[in-house]
Amino acid sequence: MTPGSSSDLTSATTSAAQHHPTSGGERAEEHLATLPDDAVWVWSDGSAEGGVSAGGSGALIILPSGEEHELRAPAGKICSSTRAELVAIRGALEMLLRLEGGLAESPVIVCADSQAALATLASGAGSQATALGAAVWRLLLALTDGGRRVFMQWIPAHCGIPGNKRADVLAKEASSLSQDAVPTDVRSMVKAVGRSASKAWSRSWPDSFFKTIMGDRMPMPVLLESRDEAVNVHQLRAGHWSRSQSYLHRIGHRPERDCPQCSDLACPAARCLVCREGPDTPEHVLLRCPCLAGARLRLLGNIKPDPTQLRDGGAVAALSRGYLSHQEPLGYGRP
C-alpha cells in the first residue's frame, strides 16, 4: 500500500502469513522481531457476536518509551468482525495523532489479525467503498506526511502473541458498551441479514440424512437444464422424495393390502424396488443401492464414497437419474 510519493506506507502482511501455517505464534513473533526496534506498536482487534452484532473494538498502543495507551470503543449494534477491526484501527490512529512527545520520527507498526480488514485497506485510498475505510486512509496519510513509515502487519489470531491477546480482551470489553450512538453501514446490514437468514434456514431444515452431511453449510444452488432433476435434488436433500416408495407409503400414496400406510422403514412396502435390500431412503439410493455401484465409482471415485461428497448437487442429480433409469424398466414411472 502506497498512499503517495511523499509517503511510505509498507504492508508486511505476506511475511507473517507465510510463517503462520507451520508454527503459528512463534514464527510470527520471529518475524515481528525483524521490524524496527524504535517503533510505535499498535495492536488492534475487533469483536462481533456471531460476526453480525454487538461490535466491540479494542486497541493497545505501546510507545518507544514503554508508555501504554488503551482504547475501547463500541462498533455498532449491527456490525461485522471486519468493521469492528477497522473501527479499532481508526480509533488507534486517531489516538496516536493526538499523542505528543516527539513521536513524529518513530515508525508505526499496526498489528491486526483480520485479513479481511487489511485486504480492504490494501486496495488503496481511492478504492474505499465505505466512509470507515476512507477515514482510516485519511489518518494513514496524515501519519505518513513527512516520510514517516507505517507498517500494516497481519498476525495470526489466538496464538499467544501478548499484544494480540490484550487487544482481544479490550475488544470484548468494548462490545458491552452502549451502541446507541454508533452508526452502521449498508455492508454490515447486508451481511447481518445474510447470516440471520442462513441460521434460520439451518434451524428450519427438517431432520434428514442430508442435514447430517451438510452441517451448517448452505447448499449450493442447483443449476440444471431439467426442472425435474432440480426437483429430485431438492426433495432428496429434504428427505421427502416423491419417487421414493418409503416416502410415498408413509404419506399414504402407496397403500398395500396388508399395510395401507405406516412410517416403519422395515415395512415391505418401503423397500427399494430395484434391489429389495432395504428402504429406498436418500441414504440408500445414493450410497448403498448396488444398482448404482458403478455410477458412484465413476462419479465419486469409490463405490462407498464419503457422504460429504453428496454436497455436490450435480452428483446427486446424476445418481438420482441413474436410479430412476433402473426403476423404469420395472414399470415404475412418475407417480
# chains A, B, ... in the order shown; residues from 1 in each chain; ligands from 1
$ closest_atom_pairs --of "range 220-288 of chain A" --to "range 208-215 of chain A" --cutoff "8 Å" --atoms "only C-alpha atoms" --output "CSV"
residue,atom,partner,partner_atom,distance
A:Leu236,CA,A:Phe210,CA,7.9
A:Arg237,CA,A:Phe210,CA,5.3
A:Ala238,CA,A:Ser208,CA,6.5
A:Gly239,CA,A:Ser208,CA,5.6
A:Pro282,CA,A:Phe209,CA,7.1
A:Glu283,CA,A:Phe209,CA,6.4
$ write_last_selection --atoms "N, CA and C atoms" --output "PDB file, in the first residue's frame"
ATOM      1  N   LEU A 236     -34.602 -34.883  -2.436  1.00  0.00           N
ATOM      2  CA  LEU A 236     -33.678 -35.814  -1.780  1.00  0.00           C
ATOM      3  C   LEU A 236     -32.983 -35.131  -0.602  1.00  0.00           C
ATOM      4  N   ARG A 237     -32.610 -33.873  -0.777  1.00  0.00           N
ATOM      5  CA  ARG A 237     -31.970 -33.131   0.314  1.00  0.00           C
ATOM      6  C   ARG A 237     -32.904 -32.976   1.508  1.00  0.00           C
ATOM      7  N   ALA A 238     -34.197 -32.803   1.212  1.00  0.00           N
ATOM      8  CA  ALA A 238     -35.170 -32.611   2.289  1.00  0.00           C
ATOM      9  C   ALA A 238     -35.626 -33.926   2.899  1.00  0.00           C
ATOM     10  N   GLY A 239     -35.338 -35.053   2.231  1.00  0.00           N
ATOM     11  CA  GLY A 239     -35.771 -36.355   2.733  1.00  0.00           C
ATOM     12  C   GLY A 239     -37.205 -36.689   2.391  1.00  0.00           C
ATOM     13  N   PRO A 282     -33.058 -41.608   0.905  1.00  0.00           N
ATOM     14  CA  PRO A 282     -31.989 -40.946   0.154  1.00  0.00           C
ATOM     15  C   PRO A 282     -30.614 -41.562   0.422  1.00  0.00           C
ATOM     16  N   GLU A 283     -30.356 -41.929   1.672  1.00  0.00           N
ATOM     17  CA  GLU A 283     -29.064 -42.534   2.005  1.00  0.00           C
ATOM     18  C   GLU A 283     -28.868 -43.845   1.264  1.00  0.00           C
TER      19      GLU A 283
END
$ closest_residue --among "A:Arg148, A:His69, A:Arg276, A:Lys77" --to "Leu99 in chain A" --atoms "only C-alpha atoms"
A:His69
$ closest_atom_pairs --of "range 164-236 of chain A" --to "range 52-60 of chain A" --cutoff "7 Å" --atoms "only C-alpha atoms" --output "CSV"
residue,atom,partner,partner_atom,distance
A:Ala167,CA,A:Ala59,CA,5.1
A:Asp168,CA,A:Gly58,CA,6.7
A:Leu170,CA,A:Gly58,CA,4.5
A:Ala171,CA,A:Gly58,CA,3.9
A:Lys172,CA,A:Gly56,CA,6.0
A:Ala174,CA,A:Gly56,CA,4.5
A:Ser175,CA,A:Gly56,CA,3.7
A:Ala192,CA,A:Val52,CA,4.9
$ atom_distance --atom1 "CA of Asn164 in chain A" --atom2 "CA of Arg72 in chain A"
14.2 Å
$ atom_distance --atom1 "CA of Thr281 in chain A" --atom2 "CA of Tyr323 in chain A"
12.1 Å
$ closest_residue --among "A:His234, A:Arg311, A:His326, A:His249" --to "Cys275 in chain A" --atoms "only C-alpha atoms"
A:His326
$ select_by_dssp --residues "range 67-132 of chain A" --states "helix (DSSP H, G or I)" --output "PyMOL selection string"
chain A and resi 81-98+115-122+125-127+131-132
$ write_last_selection --atoms "C-alpha atoms" --output "PDB file, in the first residue's frame"
ATOM      1  CA  SER A  81     -15.944  -8.544  12.559  1.00  0.00           C
ATOM      2  CA  THR A  82     -14.223  -6.705   9.713  1.00  0.00           C
ATOM      3  CA  ARG A  83     -15.982  -3.441  10.552  1.00  0.00           C
ATOM      4  CA  ALA A  84     -15.105  -3.839  14.250  1.00  0.00           C
ATOM      5  CA  GLU A  85     -11.428  -4.276  13.327  1.00  0.00           C
ATOM      6  CA  LEU A  86     -11.469  -1.184  11.102  1.00  0.00           C
ATOM      7  CA  VAL A  87     -13.108   0.837  13.885  1.00  0.00           C
ATOM      8  CA  ALA A  88     -10.296  -0.301  16.197  1.00  0.00           C
ATOM      9  CA  ILE A  89      -7.623   0.747  13.694  1.00  0.00           C
ATOM     10  CA  ARG A  90      -9.323   4.109  13.134  1.00  0.00           C
ATOM     11  CA  GLY A  91      -9.573   4.791  16.866  1.00  0.00           C
ATOM     12  CA  ALA A  92      -5.957   3.810  17.478  1.00  0.00           C
ATOM     13  CA  LEU A  93      -4.668   6.050  14.681  1.00  0.00           C
ATOM     14  CA  GLU A  94      -6.753   8.971  15.957  1.00  0.00           C
ATOM     15  CA  MET A  95      -5.331   8.467  19.453  1.00  0.00           C
ATOM     16  CA  LEU A  96      -1.817   8.223  18.073  1.00  0.00           C
ATOM     17  CA  LEU A  97      -2.159  11.525  16.193  1.00  0.00           C
ATOM     18  CA  ARG A  98      -3.283  13.218  19.413  1.00  0.00           C
ATOM     19  CA  GLN A 115      -7.030 -10.384   6.856  1.00  0.00           C
ATOM     20  CA  ALA A 116     -10.320  -9.011   5.517  1.00  0.00           C
ATOM     21  CA  ALA A 117      -9.738  -5.606   7.140  1.00  0.00           C
ATOM     22  CA  LEU A 118      -6.170  -5.396   5.869  1.00  0.00           C
ATOM     23  CA  ALA A 119      -7.253  -6.504   2.389  1.00  0.00           C
ATOM     24  CA  THR A 120      -9.875  -3.729   2.403  1.00  0.00           C
ATOM     25  CA  LEU A 121      -7.196  -1.139   3.162  1.00  0.00           C
ATOM     26  CA  ALA A 122      -4.713  -2.707   0.739  1.00  0.00           C
ATOM     27  CA  ALA A 125      -7.151   5.144  -0.640  1.00  0.00           C
ATOM     28  CA  GLY A 126      -9.173   5.774  -3.804  1.00  0.00           C
ATOM     29  CA  SER A 127     -10.825   2.358  -3.781  1.00  0.00           C
ATOM     30  CA  ALA A 131     -16.766   6.015   4.904  1.00  0.00           C
ATOM     31  CA  LEU A 132     -14.942   3.964   7.535  1.00  0.00           C
TER      32      LEU A 132
END
$ residues_around --residues "Cys262 in chain A" --least-positions-apart "2" --cutoff "10 Å" --atoms "only C-alpha atoms" --output "PyMOL selection string"
chain A and resi 246-252+255+259-260+264-267+269-270
$ write_last_selection --atoms "all heavy atoms" --output "compact mmCIF listing (two decimals), in the first residue's frame"
# COMPACT_ATOMS: atom_id res chain seq x y z
N SER A 246 -40.67 -45.61 0.08
CA SER A 246 -40.82 -45.48 1.53
C SER A 246 -41.52 -44.17 1.89
O SER A 246 -42.37 -44.12 2.79
CB SER A 246 -39.46 -45.56 2.22
OG SER A 246 -38.58 -44.54 1.75
N TYR A 247 -41.20 -43.08 1.16
CA TYR A 247 -41.86 -41.81 1.42
C TYR A 247 -43.33 -41.85 1.00
O TYR A 247 -44.22 -41.42 1.75
CB TYR A 247 -41.14 -40.68 0.68
CG TYR A 247 -41.90 -39.37 0.69
CD1 TYR A 247 -42.05 -38.64 1.85
CD2 TYR A 247 -42.49 -38.89 -0.49
CE1 TYR A 247 -42.76 -37.44 1.86
CE2 TYR A 247 -43.20 -37.70 -0.49
CZ TYR A 247 -43.33 -36.99 0.69
OH TYR A 247 -44.05 -35.82 0.70
N LEU A 248 -43.59 -42.39 -0.19
CA LEU A 248 -44.97 -42.43 -0.68
C LEU A 248 -45.84 -43.32 0.21
O LEU A 248 -47.01 -43.00 0.46
CB LEU A 248 -44.99 -42.94 -2.12
CG LEU A 248 -44.35 -42.01 -3.16
CD1 LEU A 248 -44.27 -42.69 -4.51
CD2 LEU A 248 -45.13 -40.70 -3.26
N HIS A 249 -45.29 -44.42 0.69
CA HIS A 249 -46.07 -45.28 1.59
C HIS A 249 -46.34 -44.57 2.91
O HIS A 249 -47.44 -44.68 3.47
CB HIS A 249 -45.30 -46.59 1.83
CG HIS A 249 -46.04 -47.54 2.72
ND1 HIS A 249 -47.24 -48.14 2.38
CD2 HIS A 249 -45.76 -47.99 3.98
CE1 HIS A 249 -47.66 -48.91 3.35
NE2 HIS A 249 -46.77 -48.84 4.34
N ARG A 250 -45.35 -43.82 3.38
CA ARG A 250 -45.52 -43.12 4.65
C ARG A 250 -46.65 -42.10 4.59
O ARG A 250 -47.38 -41.90 5.56
CB ARG A 250 -44.20 -42.44 5.04
CG ARG A 250 -44.30 -41.55 6.27
CD ARG A 250 -42.93 -41.30 6.86
NE ARG A 250 -42.01 -40.67 5.94
CZ ARG A 250 -41.90 -39.35 5.76
NH1 ARG A 250 -42.68 -38.55 6.47
NH2 ARG A 250 -41.02 -38.85 4.91
N ILE A 251 -46.84 -41.44 3.44
CA ILE A 251 -47.90 -40.43 3.33
C ILE A 251 -49.19 -41.00 2.75
O ILE A 251 -50.13 -40.25 2.48
CB ILE A 251 -47.43 -39.23 2.49
CG1 ILE A 251 -47.14 -39.65 1.05
CG2 ILE A 251 -46.20 -38.58 3.13
CD1 ILE A 251 -46.79 -38.47 0.13
N GLY A 252 -49.24 -42.32 2.56
CA GLY A 252 -50.47 -42.97 2.12
C GLY A 252 -50.69 -43.00 0.62
O GLY A 252 -51.79 -43.36 0.17
N PRO A 255 -50.43 -47.40 -0.79
CA PRO A 255 -51.01 -48.35 0.16
C PRO A 255 -50.85 -49.79 -0.34
O PRO A 255 -50.83 -50.05 -1.54
CB PRO A 255 -52.48 -47.94 0.21
CG PRO A 255 -52.73 -47.32 -1.13
CD PRO A 255 -51.46 -46.62 -1.51
N CYS A 259 -50.83 -53.38 4.55
CA CYS A 259 -50.43 -52.17 5.28
C CYS A 259 -50.78 -50.94 4.44
O CYS A 259 -50.00 -50.56 3.55
CB CYS A 259 -48.94 -52.20 5.61
SG CYS A 259 -48.37 -50.75 6.55
N PRO A 260 -51.90 -50.29 4.71
CA PRO A 260 -52.28 -49.12 3.91
C PRO A 260 -51.29 -47.97 4.01
O PRO A 260 -51.05 -47.26 3.05
CB PRO A 260 -53.64 -48.73 4.49
CG PRO A 260 -54.13 -49.96 5.19
CD PRO A 260 -52.92 -50.65 5.69
N ASP A 264 -42.86 -47.15 9.24
CA ASP A 264 -41.86 -48.15 9.58
C ASP A 264 -41.00 -48.46 8.36
O ASP A 264 -41.50 -48.98 7.36
CB ASP A 264 -42.55 -49.42 10.08
CG ASP A 264 -41.56 -50.47 10.56
OD1 ASP A 264 -40.34 -50.16 10.59
OD2 ASP A 264 -42.01 -51.58 10.91
N LEU A 265 -39.71 -48.11 8.43
CA LEU A 265 -38.82 -48.36 7.30
C LEU A 265 -38.57 -49.85 7.07
O LEU A 265 -38.09 -50.25 6.01
CB LEU A 265 -37.48 -47.64 7.51
CG LEU A 265 -37.54 -46.10 7.47
CD1 LEU A 265 -36.16 -45.52 7.73
CD2 LEU A 265 -38.08 -45.61 6.13
N ALA A 266 -38.90 -50.67 8.07
CA ALA A 266 -38.76 -52.12 7.89
C ALA A 266 -39.97 -52.73 7.19
O ALA A 266 -39.96 -53.92 6.86
CB ALA A 266 -38.57 -52.78 9.26
N CYS A 267 -40.99 -51.94 6.93
CA CYS A 267 -42.19 -52.43 6.25
C CYS A 267 -41.84 -52.85 4.83
O CYS A 267 -41.11 -52.13 4.13
CB CYS A 267 -43.26 -51.34 6.25
SG CYS A 267 -44.78 -51.83 5.40
N ALA A 269 -43.46 -52.56 2.22
CA ALA A 269 -43.89 -51.55 1.26
C ALA A 269 -42.86 -50.44 1.08
O ALA A 269 -42.96 -49.67 0.12
CB ALA A 269 -45.22 -50.96 1.70
N ALA A 270 -41.91 -50.35 2.00
CA ALA A 270 -40.91 -49.29 1.93
C ALA A 270 -39.64 -49.72 1.23
O ALA A 270 -38.71 -48.93 1.08
CB ALA A 270 -40.56 -48.81 3.35
$ select_by_dssp --residues "range 80-246 of chain A" --states "strand (DSSP E or B)" --output "list in words"
Val108, Ile109, Val110, Cys111, Ala112, Arg149, Val150, Phe151, Met152, Gln153 and Trp154 of chain A
$ closest_residue --among "A:Val136, A:Ala142, A:Met218, A:Leu287" --to "Arg195 in chain A" --atoms "only C-alpha atoms"
A:Met218
$ residues_around --residues "Arg271 in chain A" --least-positions-apart "3" --cutoff "7 Å" --atoms "only C-alpha atoms" --output "JSON, numbers by chain"
{"A": [245, 246, 268, 276, 277, 278, 279, 280]}
$ closest_residue --among "A:Pro290, A:Pro305, A:Gly147, A:Pro162" --to "Ser44 in chain A" --atoms "only C-alpha atoms"
A:Pro162
$ residues_around --residues "range 296-302 of chain A" --least-positions-apart "6" --cutoff "10 Å" --atoms "only C-alpha atoms" --output "number ranges by chain"
A: 286-288, 290, 309-310, 314-316, 318-319, 322
$ closest_residue --among "A:Pro221, A:Gly25, A:Gly146, A:Pro156" --to "Pro107 in chain A" --atoms "only C-alpha atoms"
A:Gly146
